[in-house]
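K.L.:
Once you've had a glance at the structure underneath, I'll fire off some questions.
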Amino acid sequence: MDNHASYKSLINIWLFLIFLTVVTVGAAQIDFGALNVLIAIFIASIKAGVVAYHFMHLKHEDGLTWIYASYPIFLLFLLISFTLTDMFSRVIN
Amino acid sequence: MGIFGITSKLIKSIAYPSEMVPSIEEDDGHHHFDAVTEHEGAKLGMWLFLATELLLFGGLFAAYAIYRAKYPEMFMQGSKSLDVVLGSVNTVILIFSSLTVAIAVKAIQENRIKLVKIMLWVTIICAAIFAVNKYFEYTYKFGKGIFPGTDIFYSIYFAATGVHMLHVFIGMAVLGVLLRKVYKGKYSKDNYTAIEIGGLYWHLVDLIWIYLFPLLYLVG
Amino acid sequence: MSEEQEKNYLDNGEGFRSWFFTVDHKRIGVMYLWAIGVFFIVAAIASFLLRAEHLTPGPTIVNADTYNVLFTLHGSMMVFLFIVPGVAASFGNFLIPLMIGAKDVIFPKLNLYSFWLYLAGALIFMLALAAPADTGWTFYTPYSIETGANVILITFGVFVLGFSSILTGINFIVTMHKLRAPGMTWDRLPLFCWAAYATSLLQVLATPVVGITLLLLIGERYFGLGFFDPAKGGDPVMFQHFFWFYSHPAVYIMILPAMGIVSEIMPVFARKPIFGYKAIAYASLAIALISFLVWGHHMFVSGQSKLVNIIFSVITYAVAVPTAIKVFNWLWTLYKGSIELSTAMLYSLAFIFLFTIGGLTGLFLGALAADVHLHDTYFVVAHMHYVMIGGTVFGFFAALHFWYPKMWGRMFDEFKAKIAFVLIFIGFNVAFFPQFIMGTLGMPRRYFNYAPEFQSLHVVSTYGTWIIGIGFILMLWNLMRPLPGKAPANPYNSLSLEWSMDSPPGTFNFDDIPTVTEPVYNYGTKIEEGA
């Protein structure tokens with residue numbers, strides 16, 4: 001493998017992350033209403049995915065590591081969705 | 001020593017399990033297990049640890065989701081009061097430090113020790129700049145009479161960034177220990193597990209911030 | 001090296017340092033065993049005081065405040081210092097490498113650090129006794145924010161203990177993935193290891209959530225954060241959500257290893273292959289996965305919304321399925337077996353009986369309508385103790401007897417052990433069955449005082465604890481006085497790997513890593529020497 005090319009690709013990935021940071025800051029300046037949060041989370045997730053896949057070498061890891069990398073995200077989703085559901089379906093006396 | 005010393009010891013013990021059991025190594029060639037298993041095991045162990053870290057922050061993200069849904073106005077106002085420029089600068093710094101750690105890992109695999117040293121130094125300096133910025137942010141808030149507990153938004157802000165800050169410090173300690181050992185010549189292309197999993201830990205610090213930054217600074 | 005020269009793990013080094021700084025998984029397991037044993041006894045003493053207090057309505061031996069402290073002490077010590085780390089860390093450490101054919105766990109030093117963290121957590125926990133908490137083991141807000149007791153120290157202790165349990169979990173998971181001996185495929189892995197794997201999964205993935213919850217509680221008291229404080233716009237029910245997100249899976253951290261122990265003992269003393277190996281193995285994992293989905297059933301009367309109550313109630317029934325699968329498989333293992341009623345087997349059989357009662361009453365509590373009536377009554381107390389004592393502690397005692405020869409290299413007196421078993425079994429039912437009745441009649445839990453009509457049931461229950469106490473002392477006394485002579489390597493003709501070496505094992509377990517060629521529970525399918 002050409003080493004310099006791979007260093008270069010790391011730097012390219014970094015530039016892409018910076019680009020996304022600029023996009024997310026820019027998008028926040030425009031008022032999309034409730035969409036703003038979703039856009040912010042969406043872009044953050046792309047960034048996080050890129051960091052995990054390239055910088056953290058998830059692309060070279062086996063299925064087991066993928067499972068343990070993604071399962072906590074599912075659990076977090078459970079925690080948030082159940083507590084939110086509770087919060088918004090309560091009847092306030 | 002304290003918590004940082006303990007953490008770096010823990011990471012070391014994940015990275016070099018067999019180094020820790022000399023008696024077994026010396027036992028007429030009865031190796032506990034081979035280097036590949038050691039490397040693979042260390043990485044899996046670290047990923048599991050990162051899973052726990054993610055869920056540790058998970059509680060804060062859940063609290064954020066709940067209270068943001070409950071008090072949208074408060075979060076708008078609170079978010080507007082945060083310094084977007086400073087936050088953005090810190091984001092760029094942290095992402096840059098992620099790059100330098102990634103390069104350091106790549107470099108050690110190619111035995112380019114000098115490059116490893118430079119990259120680890122840069123990473124630690126980036127972390128320090130991040131910390132200094134945060135210090136100014138906090139003191140500015142305190143000056144304006146805003147503390148944890150002022151309202152729910154600031155409680156989340158201080159709790160989340162505070163716990164994150166703690167991880168920045170732990171990461172700095174870990175990288176510092178690694179750097180010292182690089183100077184001692186401990187690592188090479190055949191022996192870089194510690195740098196790789198130390199790097200994984202640092203990337204996690206970055207990952208958390210990637211979410212904290214837009215959620216706290218940008219949704220106003 | 002020759003057999004004579006190699007020292008067993010107990011003889012290899014003497015004195016404090018050789019234990020406290022050891023990386024030998026067997027020694028670490030034994031140290032855990034001693035530590036949790038001590039905390040178990042202290043917490044048990046607290047429970048005897050609690051029961052004695054209930055001999056009469058009103059003050060009997062302690063006042064109301066002391067009573068609150070005692071039940072907090074009993075609950076939190078039993079949960080955080082004994083039962084959560086207990087079986088997994090002690091027998092898990094001792095057995096997993098032996099069972100999978102490895103020389104140690106994959107991170108031996110980390111294993112030692114986990115133990116130190118456990119001790120540190122326990123120490124912090126003990127320091128908190130200077131101003132003992134009176135919140136109950138659940139630390140519910142807002143009371144835990146307001147009380148003058150030392151909540152910060154005790155929760156920080158629990159936090160450190162959680163860290164210890166996370167590291168142990170990581171260690172076990174990676175060990176089982178990376179260090180299985182050649183031929184030890186997943187479908188040959190002993191069921192205790194499967195159970196330990198599921199337990200570790202829960203330890204790793206659930207504990208951090210309680211970690212942050214307790215940190216936030218500390219922040220609440222220290223900085224006035226306000227997440228759980230309604231006066232500041234916070235929500236106390238959110239604390240319960242976060243707390244039970246961990247603490248319900250934690251219930252399975254407590255019970256799964258005991259299920260693993262029973263799965264090991266059943267086939268040995270029924271001389272039959274375990275029935276439904278895969279079903280039991282996958283049921284362990286299914287429990288680990290589903291247990292994350294049911295935490296809200298602890299909160300049916302906490303002001304949680306009706307919709308969420310119903311959802312949680314329905315999912316709660318799902319978790320009973322894998323549990324029932326296990327029970328039926330154990331029963332089928334016994335069917336037409338050649339059953340030998342050894343002490344370990346007796347405890348295992350009692351486990352099935354008591355755990356079934358505990359599990360079924362759990363279903364009553366999972367049913368939304370019934371729970372509203374039974375919530376926070378002695379019915380819950382009885383249910384929980386049937387699962388935790390009838391399940392976990394009986395499983396733990398079964399393990400103590402079953403692996404006694406392997407662990408200590410000696411045999412114990414079976415007859416006295418059986419008498420102790422009978423006393424504990426009878427005492428347990430006398431102590432806790434009346435509590436089901438009391439609970440149904442409306443006796444609330446954690447109350448210092450009670451209405452006079454409950455007195456007879458309370459007195460029966462208290463007498464029951466005394467019978468348990470006598471049985472326990474007899475058991476302990478018997479185990480402390482092993483029979484003369486060395487234990488054989490494999491006293492039960494068991495087929496799993498840990499019995500293939502000397503009792504007690506040498507420091508490095510296996511001279512050569514064995515190669516596994518057949519399933520673990522092949523009993524009765526080949527000629528057994530000496531059987």
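Lettering and numbering for the structure tokens are positional, with chains as A, B, ... in the shown order, residues counted from 1 in each chain, and ligands counted from 1 in the shown order.
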Fewer than 3 positions away in the same chain doesn't count, so skip those; otherwise give me all residues within 6 Å of range 29-42 of chain A, counting only C-alpha atoms, as a short mmCIF file (atom, residue, chain, number, x, y, z; two decimals) with all heavy atoms, in the first residue's frame.
P.N.:
data_model
loop_
_atom_site.label_atom_id
_atom_site.label_comp_id
_atom_site.auth_asym_id
_atom_site.auth_seq_id
_atom_site.Cartn_x
_atom_site.Cartn_y
_atom_site.Cartn_z
N GLY A 26 -23.44 26.45 9.73
CA GLY A 26 -24.21 27.25 8.78
C GLY A 26 -25.69 26.95 8.84
O GLY A 26 -26.53 27.85 8.91
N SER A 45 -24.24 12.66 13.25
CA SER A 45 -24.15 11.21 13.10
C SER A 45 -23.26 10.83 11.92
O SER A 45 -22.51 9.85 11.99
CB SER A 45 -25.53 10.60 12.92
OG SER A 45 -26.31 10.89 14.05
N PRO B 214 -23.29 20.52 18.54
CA PRO B 214 -24.53 21.03 17.95
C PRO B 214 -25.70 21.04 18.94
O PRO B 214 -26.50 21.97 18.93
CB PRO B 214 -24.80 20.07 16.79
CG PRO B 214 -24.03 18.86 17.08
CD PRO B 214 -22.84 19.29 17.87
#
K.L.:
Find the spatial neighbours of Leu175 in chain B, counting only C-alpha atoms, within a cut-off of 9 Å - ignore same-chain residues fewer than 2 positions away - and output them as a PyMOL selection string.
P.N.:
chain B and resi 8+120-121+123-124+170-173+177-180+195+198-199+202
K.L.:
Counting only C-alpha atoms, a student should be able to say which residues of chain C come within 8 Å of chain A; what is the right answer, written as a PDB file with C-alpha atoms, in the first residue's frame?
P.N.:
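Ended up saving to iface26.pdb:
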ATOM      1  CA  LEU C 205     -24.033  -2.426  29.127  1.00  0.00           C
ATOM      2  CA  MET C 238     -36.762  10.258  35.510  1.00  0.00           C
ATOM      3  CA  HIS C 241     -36.355   5.420  34.835  1.00  0.00           C
ATOM      4  CA  PHE C 242     -32.575   5.721  34.825  1.00  0.00           C
ATOM      5  CA  PHE C 245     -32.760   0.865  33.382  1.00  0.00           C
ATOM      6  CA  PHE C 292     -33.363  -4.171  28.991  1.00  0.00           C
ATOM      7  CA  LEU C 293     -36.954  -3.727  27.863  1.00  0.00           C
ATOM      8  CA  GLY C 303     -46.793   8.349  38.201  1.00  0.00           C
ATOM      9  CA  GLN C 304     -45.573   6.791  35.008  1.00  0.00           C
ATOM     10  CA  SER C 305     -48.078   7.218  32.180  1.00  0.00           C
ATOM     11  CA  LYS C 306     -50.779   4.631  31.623  1.00  0.00           C
ATOM     12  CA  LEU C 307     -49.626   3.929  28.087  1.00  0.00           C
ATOM     13  CA  VAL C 308     -46.082   3.162  29.182  1.00  0.00           C
TER      14      VAL C 308
END
K.L.:
Could you give me, as a list in words, the residues within 10 Å of Thr66 in chain C, counting only C-alpha atoms and dropping anything in the same chain fewer than 4 positions from it?
P.N.:
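Close residues of Thr66 in chain C: Leu50, Ile61, Val62, Leu70, Phe71, Thr72, Pro132, Asp134 and Phe448 of chain C.
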K.L.:
Could you pull the residues within 10 Å of range 340-347 of chain C, counting only C-alpha atoms, minus those fewer than 4 positions along the same chain, as a ChimeraX atom specification?
P.N.:
/C:261-262,265-271,351-353,390-391,393-404,413-422,424-425,492
K.L.:
Quick one: which chain C residues come within 7 Å of chain B, and what is the nearest atom pair for each with the distance in Å to one decimal, counting only C-alpha atoms, rows ordered by chain and ascending number, as CSV?
P.N.:
residue,atom,partner,partner_atom,distance
C:Lys103,CA,B:His32,CA,6.2
C:Ile106,CA,B:Pro17,CA,6.6
C:Phe107,CA,B:Pro17,CA,4.9
C:Pro108,CA,B:Pro17,CA,6.4
C:Lys109,CA,B:Ser13,CA,5.9
C:Leu110,CA,B:Ser13,CA,5.6
C:Ile170,CA,B:Gly45,CA,6.0
C:Val174,CA,B:Gly41,CA,6.0
C:Lys178,CA,B:Gly41,CA,6.4
C:Val204,CA,B:Thr52,CA,6.1
C:Leu205,CA,B:Thr52,CA,5.9
C:Pro208,CA,B:Leu56,CA,4.7
C:Val209,CA,B:Leu56,CA,5.3
C:Gly211,CA,B:Leu56,CA,6.7
C:Ile212,CA,B:Leu56,CA,5.4
C:Thr213,CA,B:Gly59,CA,6.9
C:Phe223,CA,B:Pro148,CA,6.2
C:Gly224,CA,B:Gly149,CA,5.1
C:Leu225,CA,B:Gly149,CA,4.1
C:Gly226,CA,B:Gly149,CA,5.9
C:Phe227,CA,B:Ile152,CA,6.6
K.L.:
List every residue of range 61-108 of chain C that has an atom at most 7 Å from any atom of range 25-28 of chain C, and for each one report the closest atom pair and its distance in Å to one decimal, counting only C-alpha atoms, with rows sorted by chain and then by increasing residue number, as CSV.
P.N.:
residue,atom,partner,partner_atom,distance
C:Asn93,CA,C:His25,CA,5.6
C:Phe94,CA,C:Lys26,CA,4.5
C:Asp104,CA,C:His25,CA,6.0
C:Val105,CA,C:His25,CA,6.6
C:Pro108,CA,C:His25,CA,6.9
K.L.:
I need the residues of range 169-215 of chain B that end up classed as helix (DSSP H, G or I) by DSSP on the backbone, written out as JSON, numbers by chain.
P.N.:
{"B": [169, 170, 171, 172, 173, 174, 175, 176, 177, 178, 179, 180, 181, 182, 183, 193, 194, 195, 196, 197, 198, 199, 200, 201, 202, 203, 204, 205, 206, 207, 208, 209, 210, 211, 212, 213, 214, 215]}
K.L.:
Go ahead and write the residues just picked, C-alpha atoms, as a CSV table (one decimal), in the first residue's frame.
P.N.:
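As written to disk, selection23.csv reads:
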chain,number,residue,atom,x,y,z
B,169,PHE,CA,-8.2,15.0,31.1
B,170,ILE,CA,-8.1,11.3,31.3
B,171,GLY,CA,-7.3,11.1,27.6
B,172,MET,CA,-4.5,13.5,28.1
B,173,ALA,CA,-3.1,11.4,30.9
B,174,VAL,CA,-3.3,8.3,28.8
B,175,LEU,CA,-1.6,9.9,25.8
B,176,GLY,CA,1.0,11.4,28.1
B,177,VAL,CA,1.9,7.9,29.4
B,178,LEU,CA,2.0,6.6,25.9
B,179,LEU,CA,4.2,9.4,24.7
B,180,ARG,CA,6.7,8.8,27.6
B,181,LYS,CA,6.9,5.2,26.6
B,182,VAL,CA,7.4,6.1,23.0
B,183,TYR,CA,10.5,8.1,24.1
B,193,THR,CA,-1.5,-2.2,20.7
B,194,ALA,CA,-1.3,0.4,23.5
B,195,ILE,CA,-1.1,3.3,21.0
B,196,GLU,CA,-4.0,1.9,19.0
B,197,ILE,CA,-6.4,1.4,21.9
B,198,GLY,CA,-5.3,4.6,23.6
B,199,GLY,CA,-6.1,6.3,20.2
B,200,LEU,CA,-9.5,4.6,20.3
B,201,TYR,CA,-10.2,6.2,23.6
B,202,TRP,CA,-9.2,9.6,22.3
B,203,HIS,CA,-11.5,9.2,19.3
B,204,LEU,CA,-14.4,8.5,21.7
B,205,VAL,CA,-13.7,11.9,23.4
B,206,ASP,CA,-14.0,13.4,20.0
B,207,LEU,CA,-17.2,11.5,19.1
B,208,ILE,CA,-19.0,12.7,22.2
B,209,TRP,CA,-18.1,16.2,21.5
B,210,ILE,CA,-19.3,15.9,17.9
B,211,TYR,CA,-22.8,15.4,19.4
B,212,LEU,CA,-22.5,17.8,22.4
B,213,PHE,CA,-21.4,20.7,20.2
B,214,PRO,CA,-24.5,21.0,18.0
B,215,LEU,CA,-26.9,19.9,20.7
K.L.:
Quick one: everything within 12 Å of Tyr135 in chain B, counting only C-alpha atoms, minus sequence neighbours fewer than 2 positions away in the same chain. Send it as a PyMOL selection string.
P.N.:
chain B and resi 86+90+128-133+137-142+158+161-162+165
K.L.:
For chain B, which residue among A:Leu58, A:Ile46, A:Ala28, A:Leu15 is the nearest when counting only C-alpha atoms?
P.N.:
A:Ala28
K.L.:
Given only C-alpha atoms as the basis, pick out the residue of A:Phe19, A:Phe74, A:Tyr53, A:Trp14 nearest to chain B.
P.N.:
A:Trp14
K.L.:
With only C-alpha atoms as the counted atoms, please give the residues lying no more than 10 Å from Tyr335 in chain C, apart from itself and same-chain residues fewer than 3 positions off, as a list in words.
P.N.:
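Final neighbour list, sorted by chain and number: Ala270, Lys272, Phe275, Asn329, Trp330, Leu331, Trp332, Ser338 and Ile339 of chain C.
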K.L.:
At what distance in Å, to one decimal, does CA of Ser496 in chain C lie from CA of Gly183 in chain C?
P.N.:
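Going from CA of Gly183 in chain C over to CA of Ser496 in chain C, I get 13.3 Å.
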K.L.:
With a distance cut-off of 9 Å and only C-alpha atoms, select the neighbouring residues of Val92 in chain B, excluding the residue or stretch itself and same-chain residues fewer than 4 positions from it, and output the selection as a PDB file with all heavy atoms, in the first residue's frame.
P.N.:
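File selection05.pdb, as written:
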ATOM      1  N   LEU A  17     -14.587  16.219   7.509  1.00  0.00           N
ATOM      2  CA  LEU A  17     -15.185  16.477   8.825  1.00  0.00           C
ATOM      3  C   LEU A  17     -15.297  17.981   9.081  1.00  0.00           C
ATOM      4  O   LEU A  17     -16.302  18.464   9.618  1.00  0.00           O
ATOM      5  CB  LEU A  17     -14.356  15.811   9.928  1.00  0.00           C
ATOM      6  CG  LEU A  17     -14.434  14.285  10.003  1.00  0.00           C
ATOM      7  CD1 LEU A  17     -13.377  13.730  10.935  1.00  0.00           C
ATOM      8  CD2 LEU A  17     -15.821  13.862  10.454  1.00  0.00           C
ATOM      9  N   ILE A  18     -14.251  18.716   8.697  1.00  0.00           N
ATOM     10  CA  ILE A  18     -14.279  20.163   8.887  1.00  0.00           C
ATOM     11  C   ILE A  18     -15.393  20.775   8.038  1.00  0.00           C
ATOM     12  O   ILE A  18     -16.160  21.633   8.493  1.00  0.00           O
ATOM     13  CB  ILE A  18     -12.918  20.785   8.500  1.00  0.00           C
ATOM     14  CG1 ILE A  18     -11.834  20.296   9.451  1.00  0.00           C
ATOM     15  CG2 ILE A  18     -12.996  22.314   8.534  1.00  0.00           C
ATOM     16  CD1 ILE A  18     -12.025  20.687  10.885  1.00  0.00           C
ATOM     17  N   THR A  21     -18.552  20.293   9.716  1.00  0.00           N
ATOM     18  CA  THR A  21     -18.687  21.203  10.849  1.00  0.00           C
ATOM     19  C   THR A  21     -19.169  22.568  10.368  1.00  0.00           C
ATOM     20  O   THR A  21     -20.062  23.175  10.972  1.00  0.00           O
ATOM     21  CB  THR A  21     -17.333  21.354  11.582  1.00  0.00           C
ATOM     22  OG1 THR A  21     -16.834  20.056  11.867  1.00  0.00           O
ATOM     23  CG2 THR A  21     -17.487  22.144  12.855  1.00  0.00           C
TER      24      THR A  21
ATOM     25  N   GLY B  87     -17.161  27.539  20.686  1.00  0.00           N
ATOM     26  CA  GLY B  87     -17.547  26.134  20.523  1.00  0.00           C
ATOM     27  C   GLY B  87     -17.045  25.565  19.207  1.00  0.00           C
ATOM     28  O   GLY B  87     -16.531  24.441  19.157  1.00  0.00           O
ATOM     29  N   SER B  88     -17.192  26.356  18.127  1.00  0.00           N
ATOM     30  CA  SER B  88     -16.741  25.879  16.815  1.00  0.00           C
ATOM     31  C   SER B  88     -15.235  25.679  16.808  1.00  0.00           C
ATOM     32  O   SER B  88     -14.732  24.674  16.282  1.00  0.00           O
ATOM     33  CB  SER B  88     -17.117  26.887  15.729  1.00  0.00           C
ATOM     34  OG  SER B  88     -18.486  27.177  15.803  1.00  0.00           O
ATOM     35  N   PHE B  96      -9.241  17.928  14.828  1.00  0.00           N
ATOM     36  CA  PHE B  96      -7.848  17.899  14.390  1.00  0.00           C
ATOM     37  C   PHE B  96      -7.044  16.931  15.244  1.00  0.00           C
ATOM     38  O   PHE B  96      -6.219  16.158  14.739  1.00  0.00           O
ATOM     39  CB  PHE B  96      -7.243  19.304  14.450  1.00  0.00           C
ATOM     40  CG  PHE B  96      -5.838  19.355  13.951  1.00  0.00           C
ATOM     41  CD1 PHE B  96      -5.560  19.100  12.609  1.00  0.00           C
ATOM     42  CD2 PHE B  96      -4.785  19.640  14.804  1.00  0.00           C
ATOM     43  CE1 PHE B  96      -4.259  19.127  12.134  1.00  0.00           C
ATOM     44  CE2 PHE B  96      -3.479  19.673  14.340  1.00  0.00           C
ATOM     45  CZ  PHE B  96      -3.210  19.420  13.002  1.00  0.00           C
ATOM     46  N   SER B  97      -7.301  16.940  16.556  1.00  0.00           N
ATOM     47  CA  SER B  97      -6.545  16.040  17.434  1.00  0.00           C
ATOM     48  C   SER B  97      -6.887  14.590  17.137  1.00  0.00           C
ATOM     49  O   SER B  97      -6.063  13.697  17.299  1.00  0.00           O
ATOM     50  CB  SER B  97      -6.819  16.376  18.898  1.00  0.00           C
ATOM     51  OG  SER B  97      -8.097  15.918  19.268  1.00  0.00           O
TER      52      SER B  97
END
K.L.:
By how many Å are CA of Ala122 in chain C and CA of Trp137 in chain C apart?
P.N.:
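Between CA of Ala122 in chain C and CA of Trp137 in chain C the gap is 14.6 Å.
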